[in-house]
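**Student:** Below is the file model.cif, with mmCIF, C-alpha atoms.
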```
data_final
#
loop_
_atom_site.label_atom_id
_atom_site.label_comp_id
_atom_site.auth_asym_id
_atom_site.auth_seq_id
_atom_site.Cartn_x
_atom_site.Cartn_y
_atom_site.Cartn_z
CA MET A 27 -0.14 29.85 -5.14
CA LYS A 28 1.35 30.78 -8.52
CA ASP A 29 4.37 28.57 -7.88
CA GLY A 30 2.11 25.60 -7.07
CA LEU A 31 0.06 26.20 -10.21
CA PHE A 32 3.19 26.39 -12.35
CA ILE A 33 4.53 23.15 -10.86
CA ALA A 34 1.19 21.43 -11.46
CA TRP A 35 1.34 22.40 -15.13
CA LEU A 36 4.97 21.28 -15.25
CA LEU A 37 4.26 17.83 -13.79
CA ALA A 38 1.34 17.23 -16.15
CA GLY A 39 3.21 18.75 -19.09
CA VAL A 40 6.30 16.53 -18.92
CA PRO A 41 4.60 13.37 -20.31
CA LEU A 42 2.54 15.45 -22.75
CA LEU A 43 5.74 17.01 -24.04
CA GLY A 44 7.20 13.53 -24.33
CA ALA A 45 4.18 12.38 -26.34
CA ALA A 46 4.57 15.30 -28.73
CA GLY A 47 8.35 14.85 -29.03
CA SER A 48 8.06 11.12 -29.67
CA PHE A 49 6.98 11.76 -33.24
CA ILE A 50 10.55 12.77 -34.01
CA VAL A 51 11.54 9.07 -33.82
CA TRP A 52 8.20 7.78 -35.11
CA SER A 53 9.74 5.76 -37.94
CA ASN A 54 11.84 3.64 -35.56
CA ALA A 55 9.72 1.56 -33.16
CA ASP A 56 12.68 0.68 -30.91
CA ARG A 57 13.71 4.29 -30.47
CA LEU A 58 10.10 5.36 -30.00
CA LYS A 59 9.63 2.85 -27.20
CA LEU A 60 12.90 3.91 -25.59
CA SER A 61 11.89 7.56 -25.85
CA CYS A 62 8.56 6.89 -24.11
CA VAL A 63 10.29 4.90 -21.36
CA VAL A 64 12.75 7.75 -20.80
CA TRP A 65 9.95 10.32 -20.62
CA SER A 66 8.13 8.13 -18.09
CA ILE A 67 11.28 8.04 -15.96
CA ILE A 68 11.63 11.83 -16.27
CA SER A 69 8.00 12.19 -15.20
CA LEU A 70 8.62 9.94 -12.18
CA GLY A 71 11.67 11.99 -11.24
CA SER A 72 9.78 15.26 -11.55
CA VAL A 73 6.97 13.92 -9.37
CA ALA A 74 9.48 12.77 -6.76
CA GLY A 75 11.13 16.17 -6.69
CA LEU A 76 8.17 18.53 -7.02
CA SER A 77 5.02 16.79 -5.77
CA GLY A 78 5.39 18.36 -2.34
CA HIS A 79 4.68 21.80 -3.83
CA VAL A 80 1.26 21.07 -5.37
CA GLY A 81 -0.78 20.53 -2.21
CA ARG A 82 -1.81 17.46 -0.32
CA LEU A 83 -4.17 14.92 -1.86
CA PRO A 84 -6.85 13.33 0.38
CA GLU A 85 -5.61 9.88 -0.64
CA GLY A 86 -1.94 10.74 -0.16
CA SER A 87 0.87 11.08 -2.66
CA LEU A 88 1.26 7.38 -3.51
CA PRO A 89 -0.90 7.59 -6.70
CA LEU A 90 1.34 10.36 -8.06
CA TYR A 91 4.34 8.03 -7.92
CA LEU A 92 2.54 4.93 -9.15
CA LEU A 93 1.21 6.50 -12.36
CA PRO A 94 4.56 7.22 -14.10
CA LEU A 95 6.06 4.07 -12.59
CA THR A 96 3.30 1.88 -14.03
CA ALA A 97 3.56 3.65 -17.39
CA MET A 98 7.26 2.80 -17.49
CA ILE A 99 6.61 -0.83 -16.47
CA SER A 100 3.93 -1.33 -19.10
CA LEU A 101 6.22 0.09 -21.80
CA LEU A 102 9.16 -2.07 -20.74
CA GLY A 103 7.08 -5.24 -20.85
CA GLN A 104 5.78 -4.62 -24.37
CA PRO A 105 7.92 -5.72 -27.35
CA ALA A 106 8.92 -3.02 -29.80
CA HIS A 107 6.83 -3.24 -32.96
CA THR A 108 5.46 -0.78 -35.49
CA GLU A 109 1.90 -1.84 -34.66
CA HIS A 110 2.38 -0.69 -31.07
CA ARG A 111 3.65 2.83 -31.80
CA TRP A 112 0.34 4.54 -31.09
CA SER A 113 0.09 2.61 -27.82
CA TYR A 114 3.44 4.01 -26.68
CA VAL A 115 2.45 7.61 -27.42
CA THR A 116 -1.05 7.17 -25.99
CA THR A 117 0.48 5.94 -22.74
CA LEU A 118 2.24 9.28 -22.27
CA LEU A 119 -0.91 11.17 -23.27
CA LEU A 120 -3.00 9.31 -20.69
CA LEU A 121 -0.27 9.76 -18.08
CA GLY A 122 -0.30 13.53 -18.60
CA LEU A 123 -4.11 13.69 -18.40
CA GLY A 124 -4.10 11.53 -15.28
CA LEU A 125 -1.60 13.75 -13.49
CA CYS A 126 -3.62 16.78 -14.54
CA VAL A 127 -6.76 15.29 -12.95
CA LEU A 128 -4.93 14.58 -9.69
CA ILE A 129 -3.05 17.82 -9.08
CA HIS A 130 -4.84 20.64 -10.91
CA GLN A 131 -7.63 23.00 -9.94
CA PRO A 132 -11.17 21.57 -10.16
CA LEU A 133 -12.06 23.21 -13.48
CA VAL A 134 -8.89 22.11 -15.27
CA ALA A 135 -9.06 18.66 -13.65
CA SER A 136 -12.68 18.20 -14.78
CA LEU A 137 -11.83 19.17 -18.36
CA ALA A 138 -8.85 16.78 -18.33
CA LEU A 139 -11.11 14.00 -17.03
CA LEU A 140 -13.64 14.71 -19.76
CA LEU A 141 -10.89 14.54 -22.38
CA LEU A 142 -9.64 11.28 -20.89
CA PHE A 143 -13.12 9.74 -21.21
CA VAL A 144 -13.26 10.91 -24.84
CA VAL A 145 -9.86 9.31 -25.53
CA MET A 146 -11.04 6.02 -24.00
CA VAL A 147 -14.19 6.07 -26.14
CA GLY A 148 -12.09 6.75 -29.24
CA LEU A 149 -9.64 3.96 -28.44
CA LEU A 150 -12.36 1.38 -27.87
CA TYR A 151 -14.22 2.45 -31.02
CA ARG A 152 -11.00 2.26 -33.04
CA HIS A 153 -10.29 -1.29 -31.83
CA HIS A 154 -13.86 -2.54 -31.76
CA SER A 155 -14.47 -5.95 -33.24
CA ALA A 156 -17.79 -7.42 -34.37
CA LEU A 157 -16.67 -10.67 -32.74
CA TRP A 158 -16.44 -8.95 -29.36
CA PRO A 159 -19.74 -7.07 -28.75
CA MET A 160 -18.71 -6.29 -25.15
CA SER A 161 -16.73 -3.35 -26.48
CA TRP A 162 -19.95 -1.51 -27.37
CA TRP A 163 -20.96 -1.68 -23.73
CA GLY A 164 -17.55 -0.33 -22.81
CA ILE A 165 -17.93 2.57 -25.24
CA GLY A 166 -21.33 3.35 -23.79
CA THR A 167 -20.01 3.18 -20.22
CA TYR A 168 -17.18 5.62 -20.88
CA GLY A 169 -19.64 7.83 -22.75
CA LEU A 170 -21.79 7.83 -19.61
CA GLY A 171 -18.69 8.76 -17.61
CA ALA A 172 -18.09 11.72 -19.91
CA LEU A 173 -21.73 12.84 -19.53
CA CYS A 174 -21.47 12.58 -15.74
CA ALA A 175 -18.23 14.59 -15.78
CA VAL A 176 -20.07 17.37 -17.63
CA LEU A 177 -23.03 17.23 -15.21
CA ALA A 178 -20.71 17.34 -12.20
CA LEU A 179 -19.13 20.47 -13.63
CA ALA A 180 -22.33 22.22 -14.72
CA THR A 181 -24.80 21.46 -11.89
CA GLU A 182 -25.07 22.07 -8.16
CA ALA A 183 -25.14 19.61 -5.28
CA PRO A 184 -26.57 17.06 -4.69
CA LEU A 185 -26.92 16.29 -8.42
CA SER A 186 -23.28 17.19 -9.08
CA SER A 187 -22.14 14.87 -6.27
CA VAL A 188 -24.19 11.94 -7.57
CA ALA A 189 -22.97 12.54 -11.15
CA SER A 190 -19.38 12.74 -9.89
CA LEU A 191 -19.83 9.49 -7.99
CA VAL A 192 -21.17 7.70 -11.09
CA ALA A 193 -18.15 8.93 -13.05
CA CYS A 194 -15.96 7.54 -10.26
CA ALA A 195 -17.81 4.20 -10.51
CA VAL A 196 -16.89 4.07 -14.21
CA LEU A 197 -13.22 4.77 -13.46
CA LEU A 198 -12.94 2.65 -10.31
CA PRO A 199 -15.16 -0.16 -11.64
CA LEU A 200 -18.37 -0.91 -9.78
CA ILE A 201 -21.41 -2.84 -10.89
CA PRO A 202 -23.37 -1.90 -13.01
CA PHE A 203 -20.80 0.54 -14.46
CA HIS A 204 -18.00 -2.00 -14.94
CA ASP A 205 -18.29 -2.74 -18.68
CA GLY A 206 -15.78 -0.05 -19.55
CA HIS A 207 -13.21 -1.74 -17.31
CA LEU A 208 -13.80 -5.12 -18.97
CA ALA A 209 -13.61 -3.65 -22.47
CA ALA A 210 -10.43 -1.70 -21.72
CA MET A 211 -8.73 -4.78 -20.30
CA THR A 212 -9.62 -6.96 -23.27
CA ARG A 213 -9.76 -4.67 -26.33
CA LEU A 214 -7.09 -2.00 -25.90
CA PRO A 215 -3.93 -2.68 -27.89
CA GLY A 216 -0.31 -3.07 -26.83
CA ASN A 217 0.68 -2.05 -23.33
CA LEU A 218 -2.41 0.08 -22.66
CA PRO A 219 -4.37 -2.52 -20.61
CA SER A 220 -1.47 -2.91 -18.17
CA PHE A 221 -1.44 0.87 -17.66
CA VAL A 222 -5.12 1.83 -17.55
CA VAL A 223 -5.84 -0.94 -15.01
CA LEU A 224 -4.10 1.32 -12.49
CA LEU A 225 -4.61 4.77 -14.04
CA LEU A 226 -8.41 4.82 -14.17
CA PRO A 227 -9.07 3.33 -10.70
CA VAL A 228 -6.62 5.79 -9.11
CA LEU A 229 -8.50 8.68 -10.72
CA GLY A 230 -11.79 7.22 -9.54
CA LEU A 231 -10.48 6.99 -5.99
CA HIS A 232 -9.41 10.63 -6.17
CA GLY A 233 -12.95 11.66 -7.10
CA ILE A 234 -14.46 9.61 -4.29
CA ALA A 235 -12.71 11.78 -1.70
CA THR A 236 -14.77 14.80 -2.76
CA ALA A 237 -18.04 13.14 -3.79
CA LEU A 238 -18.75 10.63 -1.01
CA PRO A 239 -18.97 13.04 1.96
CA THR A 240 -21.66 15.12 0.23
CA ILE A 241 -24.11 12.44 -0.97
CA PRO A 242 -27.32 11.40 0.85
CA ASP A 243 -27.27 8.31 3.06
CA THR A 244 -29.54 6.38 0.70
CA VAL A 245 -27.11 6.85 -2.16
CA ALA A 246 -24.20 5.72 0.01
CA TRP A 247 -26.07 2.58 1.07
CA THR A 248 -26.95 1.87 -2.57
CA PHE A 249 -23.30 2.04 -3.60
CA SER A 250 -22.39 -0.14 -0.61
CA PHE A 251 -24.87 -2.77 -1.81
CA PHE A 252 -23.49 -2.62 -5.36
CA ALA A 253 -20.01 -3.04 -3.90
CA LEU A 254 -20.90 -6.30 -2.14
CA VAL A 255 -22.64 -7.61 -5.27
CA GLY A 256 -19.61 -6.63 -7.36
CA ALA A 257 -17.15 -8.36 -5.02
CA VAL A 258 -19.05 -11.65 -5.32
CA TYR A 259 -19.88 -11.26 -9.01
CA GLY A 260 -16.28 -10.50 -9.95
CA ALA A 261 -14.92 -13.46 -7.98
CA VAL A 262 -17.48 -15.90 -9.44
CA LYS A 263 -16.92 -14.70 -12.99
CA ALA A 264 -13.15 -14.92 -12.54
CA LEU A 265 -13.48 -18.52 -11.40
CA ALA A 266 -15.34 -19.36 -14.61
CA GLN A 267 -12.87 -17.74 -17.03
CA THR A 268 -10.34 -19.45 -19.26
CA ARG A 269 -9.11 -16.25 -20.95
CA VAL A 270 -6.37 -14.63 -18.89
CA ARG A 271 -7.29 -11.00 -19.56
CA LEU A 272 -10.94 -11.57 -18.66
CA LEU A 273 -9.94 -13.46 -15.53
CA LEU A 274 -7.75 -10.56 -14.41
CA ALA A 275 -10.45 -8.03 -15.34
CA TYR A 276 -13.08 -9.75 -13.20
CA GLY A 277 -10.59 -10.44 -10.41
CA SER A 278 -9.59 -6.78 -10.20
CA LEU A 279 -13.29 -5.82 -10.32
CA SER A 280 -13.81 -7.96 -7.22
CA PHE A 281 -10.96 -6.27 -5.33
CA TYR A 282 -11.99 -2.77 -6.40
CA SER A 283 -15.55 -3.52 -5.24
CA MET A 284 -14.15 -4.33 -1.81
CA LEU A 285 -12.58 -0.88 -1.75
CA TRP A 286 -15.96 0.65 -2.63
CA TRP A 287 -17.51 -1.10 0.35
CA PHE A 288 -14.87 0.26 2.70
CA ALA A 289 -15.13 3.74 1.16
CA ALA A 290 -18.93 3.82 1.48
CA ALA A 291 -18.58 2.87 5.16
CA THR A 292 -16.06 5.62 5.94
CA ARG A 293 -17.39 8.21 3.44
CA SER A 294 -13.80 9.06 2.49
CA ALA A 295 -10.74 8.04 0.49
CA THR A 296 -7.70 7.76 2.73
CA PRO A 297 -4.04 6.90 2.07
CA ARG A 298 -4.85 3.31 3.08
CA SER A 299 -7.49 3.24 0.33
CA ALA A 300 -4.89 4.47 -2.12
CA LEU A 301 -2.54 1.70 -0.97
CA LEU A 302 -5.14 -0.96 -1.74
CA VAL A 303 -6.17 0.50 -5.10
CA GLY A 304 -2.58 1.16 -6.13
CA THR A 305 -1.27 -2.28 -5.21
CA VAL A 306 -4.22 -4.12 -6.76
CA GLY A 307 -3.73 -2.14 -9.97
CA LEU A 308 0.04 -2.66 -9.93
CA ALA A 309 -0.25 -6.40 -9.26
CA THR A 310 -2.81 -6.78 -12.06
CA SER A 311 -0.56 -4.75 -14.34
CA GLY A 312 2.33 -7.09 -13.53
CA LEU A 313 0.23 -10.14 -14.34
CA LEU A 314 -0.80 -8.57 -17.64
CA VAL A 315 2.87 -7.93 -18.45
CA ALA A 316 3.61 -11.56 -17.56
CA TRP A 317 0.83 -12.73 -19.87
CA GLN A 318 2.26 -10.49 -22.59
CA VAL A 319 5.54 -12.42 -22.23
CA VAL A 320 3.61 -15.57 -23.13
CA ARG A 321 1.76 -13.89 -25.99
CA THR A 322 5.02 -12.52 -27.43
CA ARG A 323 6.36 -16.05 -27.77
CA TYR A 324 3.28 -17.99 -28.84
CA GLY A 325 0.99 -15.44 -30.49
CA ASP A 326 -1.64 -12.95 -29.35
CA ASP A 327 -4.48 -15.44 -29.82
CA ILE A 328 -2.85 -18.31 -27.94
CA ASP A 329 -5.21 -20.44 -25.88
CA PRO A 330 -3.99 -20.47 -22.25
CA GLN A 331 -4.92 -24.14 -22.01
CA ALA A 332 -2.45 -24.87 -24.82
CA VAL A 333 0.47 -23.55 -22.76
CA SER A 334 1.98 -25.54 -19.89
CA GLY A 335 5.29 -26.62 -18.42
CA LEU A 336 6.84 -23.13 -18.43
CA ALA A 337 8.47 -23.64 -15.04
CA SER A 338 11.13 -26.00 -16.40
CA GLY A 339 11.85 -24.13 -19.61
CA MET A 340 11.53 -20.55 -18.29
CA PRO A 341 12.72 -20.61 -14.64
CA GLN A 342 13.16 -16.84 -14.20
CA PHE A 343 9.69 -16.20 -15.58
CA ALA A 344 8.26 -18.91 -13.33
CA VAL A 345 9.72 -17.37 -10.17
CA LEU A 346 8.54 -13.87 -11.00
CA LEU A 347 5.05 -15.03 -12.03
CA SER A 348 4.71 -17.03 -8.80
CA LEU A 349 5.66 -14.00 -6.72
CA LEU A 350 3.23 -11.81 -8.65
CA ALA A 351 0.47 -14.36 -8.08
CA LEU A 352 1.13 -14.35 -4.32
CA ALA A 353 0.97 -10.55 -4.33
CA ALA A 354 -2.23 -10.43 -6.42
CA MET A 355 -3.95 -12.94 -4.13
CA GLY A 356 -3.44 -10.57 -1.21
CA LEU A 357 -0.95 -12.65 0.75
CA PRO A 358 1.77 -11.19 2.98
CA PRO A 359 4.28 -9.57 2.82
CA PHE A 360 3.08 -7.75 -0.31
CA GLY A 361 1.23 -4.47 -0.65
CA VAL A 362 -2.25 -5.83 -1.46
CA PHE A 363 -2.30 -7.61 1.91
CA ALA A 364 -1.10 -4.47 3.70
CA GLY A 365 -3.75 -2.32 2.02
CA PHE A 366 -6.59 -4.76 2.67
CA MET A 367 -5.65 -5.36 6.30
CA GLY A 368 -5.10 -1.64 6.85
CA LEU A 369 -8.72 -0.96 5.87
CA LEU A 370 -10.02 -4.08 7.58
CA LEU A 371 -8.55 -3.08 10.94
CA THR A 372 -9.42 0.63 10.84
CA ALA A 373 -12.68 1.07 8.91
CA PRO A 374 -16.09 0.73 10.61
CA PHE A 375 -18.29 -2.09 9.33
CA PRO A 376 -21.97 -1.35 8.74
CA SER A 377 -22.81 -5.07 8.76
CA SER A 378 -21.13 -8.31 9.70
CA ALA A 379 -22.68 -10.00 6.64
CA GLY A 380 -20.92 -7.53 4.38
CA LEU A 381 -17.63 -8.24 6.10
CA ILE A 382 -18.07 -11.99 5.60
CA ILE A 383 -18.89 -11.50 1.91
CA THR A 384 -15.80 -9.33 1.46
CA LEU A 385 -13.56 -11.90 3.16
CA LEU A 386 -14.96 -14.73 1.03
CA ALA A 387 -14.35 -12.74 -2.15
CA TRP A 388 -10.79 -12.11 -0.98
CA LEU A 389 -10.23 -15.81 -0.32
CA ALA A 390 -11.65 -16.71 -3.74
CA ALA A 391 -8.71 -14.88 -5.33
CA SER A 392 -6.42 -17.61 -4.03
CA TRP A 393 -8.37 -20.08 -6.12
CA TYR A 394 -8.66 -18.44 -9.55
CA ILE A 395 -5.24 -16.76 -9.61
CA MET A 396 -3.38 -19.83 -8.40
CA GLN A 397 -5.32 -22.00 -10.85
CA MET A 398 -4.23 -19.75 -13.72
CA VAL A 399 -0.57 -19.77 -12.65
CA GLN A 400 -0.49 -23.51 -12.00
CA ARG A 401 -1.91 -24.22 -15.44
CA LEU A 402 0.79 -22.13 -17.13
CA LEU A 403 3.82 -23.17 -15.12
CA PHE A 404 3.25 -26.85 -14.49
CA GLY A 405 1.86 -29.80 -16.35
CA LEU A 406 3.28 -31.48 -19.42
CA ARG A 407 6.17 -29.86 -21.25
CA ARG A 408 4.94 -29.46 -24.82
CA PRO A 409 7.52 -30.26 -27.53
CA GLU A 410 5.86 -27.93 -30.05
CA LEU A 411 6.48 -24.87 -27.82
CA ARG A 412 9.75 -22.94 -27.75
CA TYR A 413 10.70 -22.13 -24.19
CA ILE A 414 12.56 -18.79 -24.19
CA ASP A 415 13.05 -17.16 -20.81
CA VAL A 416 12.38 -13.47 -20.16
CA LEU A 417 14.39 -10.85 -22.01
CA ARG A 418 16.15 -8.04 -20.16
CA THR A 419 13.35 -5.50 -20.54
CA GLU A 420 10.72 -8.06 -19.55
CA LEU A 421 12.83 -9.12 -16.56
CA ALA A 422 13.22 -5.49 -15.50
CA ALA A 423 9.48 -4.80 -15.76
CA LEU A 424 8.42 -7.86 -13.75
CA LEU A 425 11.17 -7.42 -11.17
CA ILE A 426 10.24 -3.77 -10.57
CA VAL A 427 6.62 -4.75 -9.96
CA VAL A 428 7.59 -7.45 -7.45
CA LEU A 429 10.03 -5.18 -5.59
CA VAL A 430 7.60 -2.25 -5.41
CA LEU A 431 4.79 -4.49 -4.14
CA LEU A 432 7.16 -5.93 -1.55
CA ALA A 433 8.32 -2.47 -0.46
CA LEU A 434 4.75 -1.23 -0.12
CA GLY A 435 3.85 -4.29 1.92
CA LEU A 436 6.79 -3.90 4.32
CA ALA A 437 6.57 -0.11 4.73
CA PRO A 438 5.21 1.00 8.13
CA ALA A 439 1.62 2.18 8.28
CA THR A 440 2.73 5.68 9.27
CA PHE A 441 4.51 5.96 5.93
CA PHE A 442 1.12 6.23 4.19
CA ALA A 443 -1.01 7.81 6.91
CA PRO A 444 0.80 9.40 9.85
CA ASP A 445 -2.53 10.60 11.22
CA GLN A 446 -5.04 8.93 8.98
CA THR A 447 -8.33 10.03 10.46
CA GLY A 448 -7.38 13.60 11.08
CA SER A 449 -5.49 14.15 7.87
CA ALA A 450 -8.18 12.52 5.75
CA ALA A 451 -10.93 14.64 7.28
CA HIS A 452 -8.82 17.78 6.87
CA SER A 453 -8.03 16.97 3.23
CA VAL A 454 -11.64 16.24 2.30
CA THR A 455 -12.80 19.46 3.95
CA GLY A 456 -10.14 21.37 2.04
CA SER A 457 -11.29 19.86 -1.23
CA LEU A 458 -14.88 20.90 -0.59
CA VAL A 459 -13.86 24.44 0.30
CA TRP A 460 -11.76 24.62 -2.88
CA ASN A 461 -14.69 23.49 -5.00
CA GLN A 462 -16.93 26.10 -3.49
#
```
Just give me the structure of the file as structure tokens.
**Tutor:**
Amino acid sequence: MKDGLFIAWLLAGVPLLGAAGSFIVWSNADRLKLSCVVWSIISLGSVAGLSGHVGRLPEGSLPLYLLPLTAMISLLGQPAHTEHRWSYVTTLLLLGLGLCVLIHQPLVASLALLLLFVVMVGLLYRHHSALWPMSWWGIGTYGLGALCAVLALATEAPLSSVASLVACAVLLPLIPFHDGHLAAMTRLPGNLPSFVVLLLPVLGLHGIATALPTIPDTVAWTFSFFALVGAVYGAVKALAQTRVRLLLAYGSLSFYSMLWWFAAATRSATPRSALLVGTVGLATSGLLVAWQVVRTRYGDDIDPQAVSGLASGMPQFAVLLSLLALAAMGLPPFGVFAGFMGLLLTAPFPSSAGLIITLLAWLAASWYIMQMVQRLLFGLRRPELRYIDVLRTELAALLIVVLVLLALGLAPATFFAPDQTGSAAHSVTGSLVWNQ
């Protein structure tokens, strides 16, 4: 027991130590970025070597690996600049808090989650703009998440379970608690959007495993209804967007709402659920990194409709973006398809209408994602644009995303859930006993 507790502190402490040590090279943005990338790799290595000693998570160990990996990818895809220094350090801070939420005892995990909500509120307030009033809704949503985290810690069931579930709906976005997700995707600086798009949903999924089995049936049906509304709402809003970040925010909201529908039906979070959430977050992160490649060349405020013809001038970027689009749409052989089909073929369906709505929202992704990619890659080659293909760090970040999504899609189902039903039920029961 003491060894497991020590290892849990060690795994969460590695990125926090890296965040503290990064101030040694604060004056040099290139070295600071490199330092944060190295600490992310060290964190990934420590998770790979020691995660087996901290106990089994209900959703499997995949989230533990994806968090430091996505942190590294988001850092690699961001250009080194003095304005981004706080983003680099904050990435390691959020990574440490996220690992603490996943692997620590309930009290420590709840305090880490509360601190994470406070950090998100502070970040959105710091980067609030009067021209973007949506950020106030995001601040309020994360503030609600912090309040629910306190209630879940201070009250007894069933109030604590409902409060915990609302906090999970803020992290793993679900209507009407999705404004924080939209604000984080659009207002956070630097590489942070491409990291939190996976970090926060993974933490929300982890909370679902404990909260869902203990809530009343009426609450579960209510969240199931919100999930179907969110899947349609996110897809429709994504179809209407011209801004890339908003399109990806609403598109990921649609996919995460599908996961909520499956989770409400099974009353659990299984390794297959983690596969869907992890791959959706990773694919969205990759698309955000790809969009950052465009912004690095043509300015942060570039209109997507003013960029076209990248396929001929940036062939490596075009290939990687096309593969990322196929993965994000949920097509085989990538991980999003494997996660969605894994739940589709194993989870019970409370209604055929809900299944049809979920499938239509899934198919809509082929429209809005492909439309975005087609607009960027094809069309007229504009003489006023400089076509510079991906740099080595950008190539590495995008290539890692594609390869990981491909590996997760081709891995056998037993790799994620050798005995899904039994192990999930055993893990959830263990979590409830631990909380008691």
**Student:** Got a sec: who's within 7 Å of segment 135-151 of chain A, counting only C-alpha atoms, leaving out chain neighbours fewer than 6 positions off, as an NGL selection string?
**Tutor:** :A and (120 or 123 or 126-127 or 161 or 165 or 168-169 or 171-172 or 175 or 179 or 213-214)
**Student:** Rank A:Asn217, A:Ser113, A:Gln104, A:Ser87 by their smallest atom-to-atom distance to Leu421 of chain A, using all atoms listed in the file, and report the top residue only.
**Tutor:**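 Residue with the minimum atom-to-atom distance to Leu421 of chain A: A:Gln104.
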**Student:** How would you write, as a ChimeraX atom specification, the residues chosen by the PyMOL selection byres ((chain A and resi 255) around 12) on this structure?
**Tutor:** /A:200-202,248-254,256-263,279-284,286-287,380,383-384,387
**Student:** Closest to Leu417 of chain A among A:Gly356, A:Gly124, A:Gly47, A:Gly103, using only C-alpha atoms?
**Tutor:**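 Looking only at the distances to Leu417 of chain A, the closest residue turns out to be A:Gly103.
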**Student:** Where does the PyMOL selection byres ((chain A and resi 89-98) around 7) land in this file, that is, which residues does it pick, as a PDB file with C-alpha atoms, keeping the file's coordinate frame?
**Tutor:**
```pdb
ATOM      1  CA  VAL A  63      10.290   4.900 -21.360  1.00  0.00           C
ATOM      2  CA  SER A  66       8.130   8.130 -18.090  1.00  0.00           C
ATOM      3  CA  ILE A  67      11.280   8.040 -15.960  1.00  0.00           C
ATOM      4  CA  SER A  69       8.000  12.190 -15.200  1.00  0.00           C
ATOM      5  CA  LEU A  70       8.620   9.940 -12.180  1.00  0.00           C
ATOM      6  CA  VAL A  73       6.970  13.920  -9.370  1.00  0.00           C
ATOM      7  CA  SER A  87       0.870  11.080  -2.660  1.00  0.00           C
ATOM      8  CA  LEU A  88       1.260   7.380  -3.510  1.00  0.00           C
ATOM      9  CA  ILE A  99       6.610  -0.830 -16.470  1.00  0.00           C
ATOM     10  CA  SER A 100       3.930  -1.330 -19.100  1.00  0.00           C
ATOM     11  CA  LEU A 101       6.220   0.090 -21.800  1.00  0.00           C
ATOM     12  CA  LEU A 102       9.160  -2.070 -20.740  1.00  0.00           C
ATOM     13  CA  THR A 117       0.480   5.940 -22.740  1.00  0.00           C
ATOM     14  CA  LEU A 121      -0.270   9.760 -18.080  1.00  0.00           C
ATOM     15  CA  PHE A 221      -1.440   0.870 -17.660  1.00  0.00           C
ATOM     16  CA  LEU A 225      -4.610   4.770 -14.040  1.00  0.00           C
ATOM     17  CA  VAL A 228      -6.620   5.790  -9.110  1.00  0.00           C
ATOM     18  CA  ALA A 300      -4.890   4.470  -2.120  1.00  0.00           C
ATOM     19  CA  GLY A 304      -2.580   1.160  -6.130  1.00  0.00           C
ATOM     20  CA  LEU A 308       0.040  -2.660  -9.930  1.00  0.00           C
TER      21      LEU A 308
END
```
**Student:** Give the answer as one residue: which of A:Ala364, A:Met340, A:Cys62, A:Val80 has the shortest atom-to-atom distance to Phe32 of chain A, using only C-alpha atoms?
**Tutor:**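 Going through A:Ala364, A:Met340, A:Cys62, A:Val80 one by one, the smallest distance to Phe32 of chain A is for A:Val80.
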**Student:** A:Ser377, A:Ser72, A:Thr108, A:Thr296: which is nearest Asn54 of chain A, counting only C-alpha atoms?
**Tutor:**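 Smallest separation from Asn54 of chain A among the options: A:Thr108.
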**Student:** What is the atom CA of Leu402 of chain A-atom CA of Asp329 of chain A distance in Å, reported with one decimal?
**Tutor:**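 Atom-to-atom, atom CA of Leu402 of chain A and atom CA of Asp329 of chain A are spaced 10.7 Å apart.
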**Student:** Within 10 Å of (10.2, 1.4, -31.2) (file coordinates; all atoms listed in the file), which protein or nucleic acid residues are there? I'd like them as an MDAnalysis selection string.
**Tutor:** chainID A and resid 51:62 105:111 114
**Student:** Based on the selection just made, write C-alpha atoms of those residues as a tab-separated table (two decimals), in the frame of the given file.
**Tutor:**
```
chain	number	residue	atom	x	y	z
A	51	VAL	CA	11.54	9.07	-33.82
A	52	TRP	CA	8.20	7.78	-35.11
A	53	SER	CA	9.74	5.76	-37.94
A	54	ASN	CA	11.84	3.64	-35.56
A	55	ALA	CA	9.72	1.56	-33.16
A	56	ASP	CA	12.68	0.68	-30.91
A	57	ARG	CA	13.71	4.29	-30.47
A	58	LEU	CA	10.10	5.36	-30.00
A	59	LYS	CA	9.63	2.85	-27.20
A	60	LEU	CA	12.90	3.91	-25.59
A	61	SER	CA	11.89	7.56	-25.85
A	62	CYS	CA	8.56	6.89	-24.11
A	105	PRO	CA	7.92	-5.72	-27.35
A	106	ALA	CA	8.92	-3.02	-29.80
A	107	HIS	CA	6.83	-3.24	-32.96
A	108	THR	CA	5.46	-0.78	-35.49
A	109	GLU	CA	1.90	-1.84	-34.66
A	110	HIS	CA	2.38	-0.69	-31.07
A	111	ARG	CA	3.65	2.83	-31.80
A	114	TYR	CA	3.44	4.01	-26.68
```
**Student:** For this file, the PyMOL selection byres ((chain A and resi 186) around 10) selects which residues, as a count of residues only?
**Tutor:** 21
**Student:** Tell me, in Å to one decimal, how far atom CA of Gly339 of chain A is from atom CA of Thr419 of chain A.
**Tutor:**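 Going from atom CA of Gly339 of chain A over to atom CA of Thr419 of chain A covers 18.7 Å.
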**Student:** So how many Å separate atom CA of Ala309 of chain A and atom CA of Leu36 of chain A, to one decimal?
**Tutor:**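 Going from atom CA of Ala309 of chain A over to atom CA of Leu36 of chain A, I get 28.8 Å.
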**Student:** Rank A:Ala290, A:Val40, A:Val333, A:Ile68 by their smallest atom-to-atom distance to Pro242 of chain A, using all atoms listed in the file, and report the top residue only.
**Tutor:**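 Of A:Ala290, A:Val40, A:Val333, A:Ile68, the one nearest Pro242 of chain A, counting all atoms listed in the file, is A:Ala290.
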